[in-house]
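Data file: query13.cif. Format and content: mmCIF, C-alpha atoms.
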data_run
#
loop_
_atom_site.group_PDB
_atom_site.id
_atom_site.type_symbol
_atom_site.label_atom_id
_atom_site.label_comp_id
_atom_site.auth_asym_id
_atom_site.auth_seq_id
_atom_site.Cartn_x
_atom_site.Cartn_y
_atom_site.Cartn_z
ATOM 1 C CA MET A 160 -9.683 -46.146 62.531
ATOM 2 C CA ARG A 161 -6.763 -47.094 64.789
ATOM 3 C CA VAL A 162 -3.398 -46.495 63.101
ATOM 4 C CA VAL A 163 0.211 -47.324 63.997
ATOM 5 C CA LEU A 164 2.854 -45.352 62.117
ATOM 6 C CA ASP A 165 6.221 -47.037 61.711
ATOM 7 C CA THR A 166 9.139 -44.997 62.995
ATOM 8 C CA ASN A 167 10.306 -44.298 59.438
ATOM 9 C CA VAL A 168 6.963 -42.624 58.730
ATOM 10 C CA LEU A 169 7.159 -40.616 61.962
ATOM 11 C CA VAL A 170 10.678 -39.411 61.139
ATOM 12 C CA SER A 171 9.546 -38.398 57.653
ATOM 13 C CA ALA A 172 6.618 -36.500 59.172
ATOM 14 C CA LEU A 173 9.046 -34.721 61.476
ATOM 15 C CA ILE A 174 11.595 -33.637 58.883
ATOM 16 C CA SER A 175 9.511 -32.854 55.798
ATOM 17 C CA ARG A 176 6.169 -31.406 54.817
ATOM 18 C CA GLY A 177 5.282 -34.313 52.566
ATOM 19 C CA LYS A 178 2.704 -37.071 52.618
ATOM 20 C CA PRO A 179 3.684 -38.573 56.010
ATOM 21 C CA ARG A 180 3.021 -35.232 57.720
ATOM 22 C CA THR A 181 -0.250 -34.889 55.811
ATOM 23 C CA LEU A 182 -1.213 -38.380 56.968
ATOM 24 C CA LEU A 183 -0.431 -37.557 60.582
ATOM 25 C CA ARG A 184 -2.578 -34.419 60.387
ATOM 26 C CA LEU A 185 -5.387 -36.343 58.694
ATOM 27 C CA ILE A 186 -5.392 -38.941 61.467
ATOM 28 C CA LYS A 187 -5.849 -36.160 64.022
ATOM 29 C CA ALA A 188 -8.327 -34.096 61.977
ATOM 30 C CA LYS A 189 -10.608 -36.992 61.090
ATOM 31 C CA ASP A 190 -10.792 -38.168 64.689
ATOM 32 C CA HIS A 191 -8.938 -41.426 64.088
ATOM 33 C CA SER A 192 -6.574 -42.784 66.743
ATOM 34 C CA LEU A 193 -2.816 -42.785 66.398
ATOM 35 C CA ILE A 194 -1.551 -45.722 68.426
ATOM 36 C CA ILE A 195 1.924 -45.346 69.887
ATOM 37 C CA SER A 196 4.032 -47.070 72.539
ATOM 38 C CA ASN A 197 7.057 -46.214 74.628
ATOM 39 C CA PRO A 198 9.322 -48.443 72.489
ATOM 40 C CA ILE A 199 8.289 -46.452 69.390
ATOM 41 C CA LEU A 200 8.879 -43.156 71.208
ATOM 42 C CA GLU A 201 12.279 -44.380 72.407
ATOM 43 C CA GLU A 202 13.296 -45.391 68.894
ATOM 44 C CA LEU A 203 12.066 -42.062 67.527
ATOM 45 C CA SER A 204 14.099 -40.227 70.166
ATOM 46 C CA ARG A 205 17.207 -42.244 69.337
ATOM 47 C CA ILE A 206 16.854 -41.551 65.624
ATOM 48 C CA ALA A 207 15.983 -37.867 66.108
ATOM 49 C CA SER A 208 19.142 -37.342 68.139
ATOM 50 C CA ASN A 209 21.205 -38.328 65.090
ATOM 51 C CA ASP A 210 23.140 -35.388 63.652
ATOM 52 C CA ARG A 211 21.786 -36.065 60.158
ATOM 53 C CA ILE A 212 18.207 -35.638 61.374
ATOM 54 C CA ALA A 213 19.135 -32.501 63.338
ATOM 55 C CA ARG A 214 19.941 -30.788 60.033
ATOM 56 C CA TYR A 215 16.270 -31.043 59.079
ATOM 57 C CA ALA A 216 14.494 -30.563 62.405
ATOM 58 C CA SER A 217 15.459 -28.272 65.245
ATOM 59 C CA THR A 218 15.107 -29.163 68.896
ATOM 60 C CA GLU A 219 12.041 -26.934 68.984
ATOM 61 C CA ASP A 220 10.526 -28.761 65.995
ATOM 62 C CA TYR A 221 11.124 -32.095 67.709
ATOM 63 C CA THR A 222 9.664 -30.876 71.014
ATOM 64 C CA GLU A 223 6.529 -29.617 69.243
ATOM 65 C CA PHE A 224 6.281 -32.889 67.315
ATOM 66 C CA LEU A 225 6.423 -34.869 70.573
ATOM 67 C CA LYS A 226 3.707 -32.674 72.101
ATOM 68 C CA ASN A 227 1.454 -33.599 69.193
ATOM 69 C CA LEU A 228 2.279 -37.288 69.645
ATOM 70 C CA GLU A 229 1.378 -37.061 73.337
ATOM 71 C CA LYS A 230 -2.237 -36.679 72.224
ATOM 72 C CA SER A 231 -2.053 -40.187 70.761
ATOM 73 C CA SER A 232 -3.305 -43.384 72.332
ATOM 74 C CA LEU A 233 -0.337 -44.696 74.298
ATOM 75 C CA VAL A 234 -0.464 -48.463 74.652
ATOM 76 C CA ARG A 235 1.715 -50.780 76.639
ATOM 77 C CA ALA A 236 3.247 -53.095 74.058
ATOM 78 C CA LYS A 237 3.683 -56.325 75.958
ATOM 79 C CA SER A 238 3.117 -58.993 73.295
ATOM 80 C CA LYS A 239 6.206 -60.943 72.370
ATOM 81 C CA VAL A 240 6.497 -60.800 68.598
ATOM 82 C CA HIS A 241 9.359 -62.439 66.695
ATOM 83 C CA VAL A 242 8.841 -61.822 62.995
ATOM 84 C CA PHE A 243 11.646 -59.473 61.926
ATOM 85 C CA ASN A 244 14.109 -57.492 64.013
ATOM 86 C CA ASP A 245 13.560 -55.748 67.337
ATOM 87 C CA ALA A 246 12.536 -52.395 65.807
ATOM 88 C CA ASP A 247 9.953 -53.888 63.441
ATOM 89 C CA ASP A 248 8.703 -56.358 66.021
ATOM 90 C CA ARG A 249 8.011 -53.410 68.352
ATOM 91 C CA ILE A 250 5.783 -51.896 65.681
ATOM 92 C CA LEU A 251 3.921 -55.197 65.259
ATOM 93 C CA SER A 252 3.581 -55.618 69.024
ATOM 94 C CA THR A 253 2.239 -52.076 69.412
ATOM 95 C CA ALA A 254 -0.297 -52.671 66.644
ATOM 96 C CA ARG A 255 -1.423 -55.972 68.134
ATOM 97 C CA ASP A 256 -1.744 -54.713 71.706
ATOM 98 C CA GLY A 257 -3.276 -51.428 70.549
ATOM 99 C CA LYS A 258 -5.904 -53.263 68.487
ATOM 100 C CA ALA A 259 -4.839 -51.306 65.407
ATOM 101 C CA ASP A 260 -6.646 -51.517 62.104
ATOM 102 C CA MET A 261 -3.537 -50.680 60.099
ATOM 103 C CA ILE A 262 0.213 -50.240 60.239
ATOM 104 C CA VAL A 263 1.666 -47.625 57.924
ATOM 105 C CA THR A 264 5.269 -48.181 56.867
ATOM 106 C CA GLY A 265 7.785 -47.659 54.126
ATOM 107 C CA ASP A 266 9.693 -50.878 54.907
ATOM 108 C CA LYS A 267 9.410 -53.263 51.984
ATOM 109 C CA HIS A 268 9.842 -56.388 54.109
ATOM 110 C CA MET A 269 6.993 -55.343 56.420
ATOM 111 C CA LEU A 270 4.829 -54.379 53.441
ATOM 112 C CA GLY A 271 5.498 -57.859 52.070
ATOM 113 C CA LEU A 272 3.500 -59.328 54.959
ATOM 114 C CA LYS A 273 0.385 -57.397 53.844
ATOM 115 C CA THR A 274 -1.311 -58.306 57.146
ATOM 116 C CA PHE A 275 -0.337 -59.267 60.667
ATOM 117 C CA LYS A 276 -2.981 -60.726 62.992
ATOM 118 C CA HIS A 277 -5.705 -59.211 60.753
ATOM 119 C CA ILE A 278 -4.012 -55.787 60.809
ATOM 120 C CA ARG A 279 -3.410 -54.313 57.347
ATOM 121 C CA ILE A 280 0.161 -53.237 56.589
ATOM 122 C CA ILE A 281 0.117 -50.458 53.995
ATOM 123 C CA THR A 282 2.062 -47.545 52.534
ATOM 124 C CA VAL A 283 1.539 -43.869 53.296
ATOM 125 C CA ASP A 284 -0.221 -43.408 49.932
ATOM 126 C CA GLN A 285 -2.600 -46.298 50.649
ATOM 127 C CA ALA A 286 -3.318 -44.955 54.128
ATOM 128 C CA LEU A 287 -4.072 -41.485 52.770
ATOM 129 C CA LEU A 288 -6.580 -42.950 50.321
ATOM 130 C CA THR A 289 -8.165 -45.133 52.996
ATOM 131 C CA LEU A 290 -8.566 -42.293 55.476
ATOM 132 C CA ILE A 291 -9.770 -39.775 52.911
ATOM 133 C CA ILE A 292 -12.496 -42.146 51.724
ATOM 134 C CA GLN A 293 -13.792 -42.690 55.268
#

File written out as structure tokens:
Amino acid sequence: MRVVLDTNVLVSALISRGKPRTLLRLIKAKDHSLIISNPILEELSRIASNDRIARYASTEDYTEFLKNLEKSSLVRAKSKVHVFNDADDRILSTARDGKADMIVTGDKHMLGLKTFKHIRIITVDQALLTLIIQ
């Protein structure tokens, strides 16, 4: 299964040991593909440099997190998508160009789409169930 994690899910996986981190580990352990792009990495870097995030994750934690993400399938997101705002459109573009099966997000407006170009848009809980069953 090819999975794109929205930046909000990636940040949650970075700063807490909850379900988003479990999902990220499950993607790696079950031999699924995490699809990522430079725009997602840039947004993650911008958010992670925020002082509020730094309270929860050290520079070392962030560096280790990025090393794990480097093992992902890096795609060049070149599709022009205009559905929401730039940040969300980057997620959709990455999913489309990376031939993802699902996008995992916590954004209610993205979840409201349910699908985008035949790509399921689901919550972390739904993704955990889907990947565990497979």

Which of A:Asp260, A:Asp247, A:Asp210, A:Glu219 sits closest to A:Thr166 [using all atoms listed in the file]: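 Among the listed residues, the smallest separation from A:Thr166 belongs to A:Asp247.
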
A:Asn197 surroundings by all atoms listed in the file, 10 Å radius, close-in-sequence under 2 positions cut, as a list in words: Ile195, Ile199, Leu200, Glu201, Glu202, Leu203, Leu233, Val234, Arg235, Ala236, Arg249 and Thr253 of chain A

Atom pair atom CA of A:Arg211 / atom CA of A:Leu193: separation (Å):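 Atom CA of A:Arg211 sits 26.3 Å away from atom CA of A:Leu193.
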
Nearby residues (all atoms listed in the file) at most 12 Å from stretch 220-222 of chain A, same-chain spacing under 4 positions excluded, as a ChimeraX atom specification: /A:169-175,200,203-208,212-216,226-229

Closest of A:Ser192, A:Gln293, A:Ser217, A:Asn209 to A:Lys258 - atom-to-atom distances counting only C-alpha atoms: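 For A:Lys258, the nearest of the given residues is A:Ser192.
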
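Atom CA of A:Ala254 lies 13.7 Å from atom CA of A:Lys273.
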
Interatomic distance (Å, one decimal) between atom CA of A:Arg161 and atom CA of A:Asn244: 23.3 Å

Expansion of the PyMOL selection byres ((chain A and resi 279) around 10) into residues, as a ChimeraX atom specification: /A:162,254,259-263,270,272-278,280-282,286

From A:Val163, A:Ile250, A:Leu290, A:Val168, residue lying nearest A:Ser231 [all atoms listed in the file]: A:Val163

Extending 3 Å beyond the listed atoms of stretch 174-184 of chain A on each side, what axis-aligned box results? I want centre and edge lengths in Å to one decimal, as JSON.
{"center_x": 4.5, "center_y": -35.0, "center_z": 56.6, "size_x": 20.2, "size_y": 13.2, "size_z": 14.0}

Closest of A:Glu223, A:Asp266, A:Asp284, A:Asp256 to A:Asn167 - atom-to-atom distances counting only C-alpha atoms: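 Between A:Glu223, A:Asp266, A:Asp284, A:Asp256, the residue approaching A:Asn167 most closely is A:Asp266.
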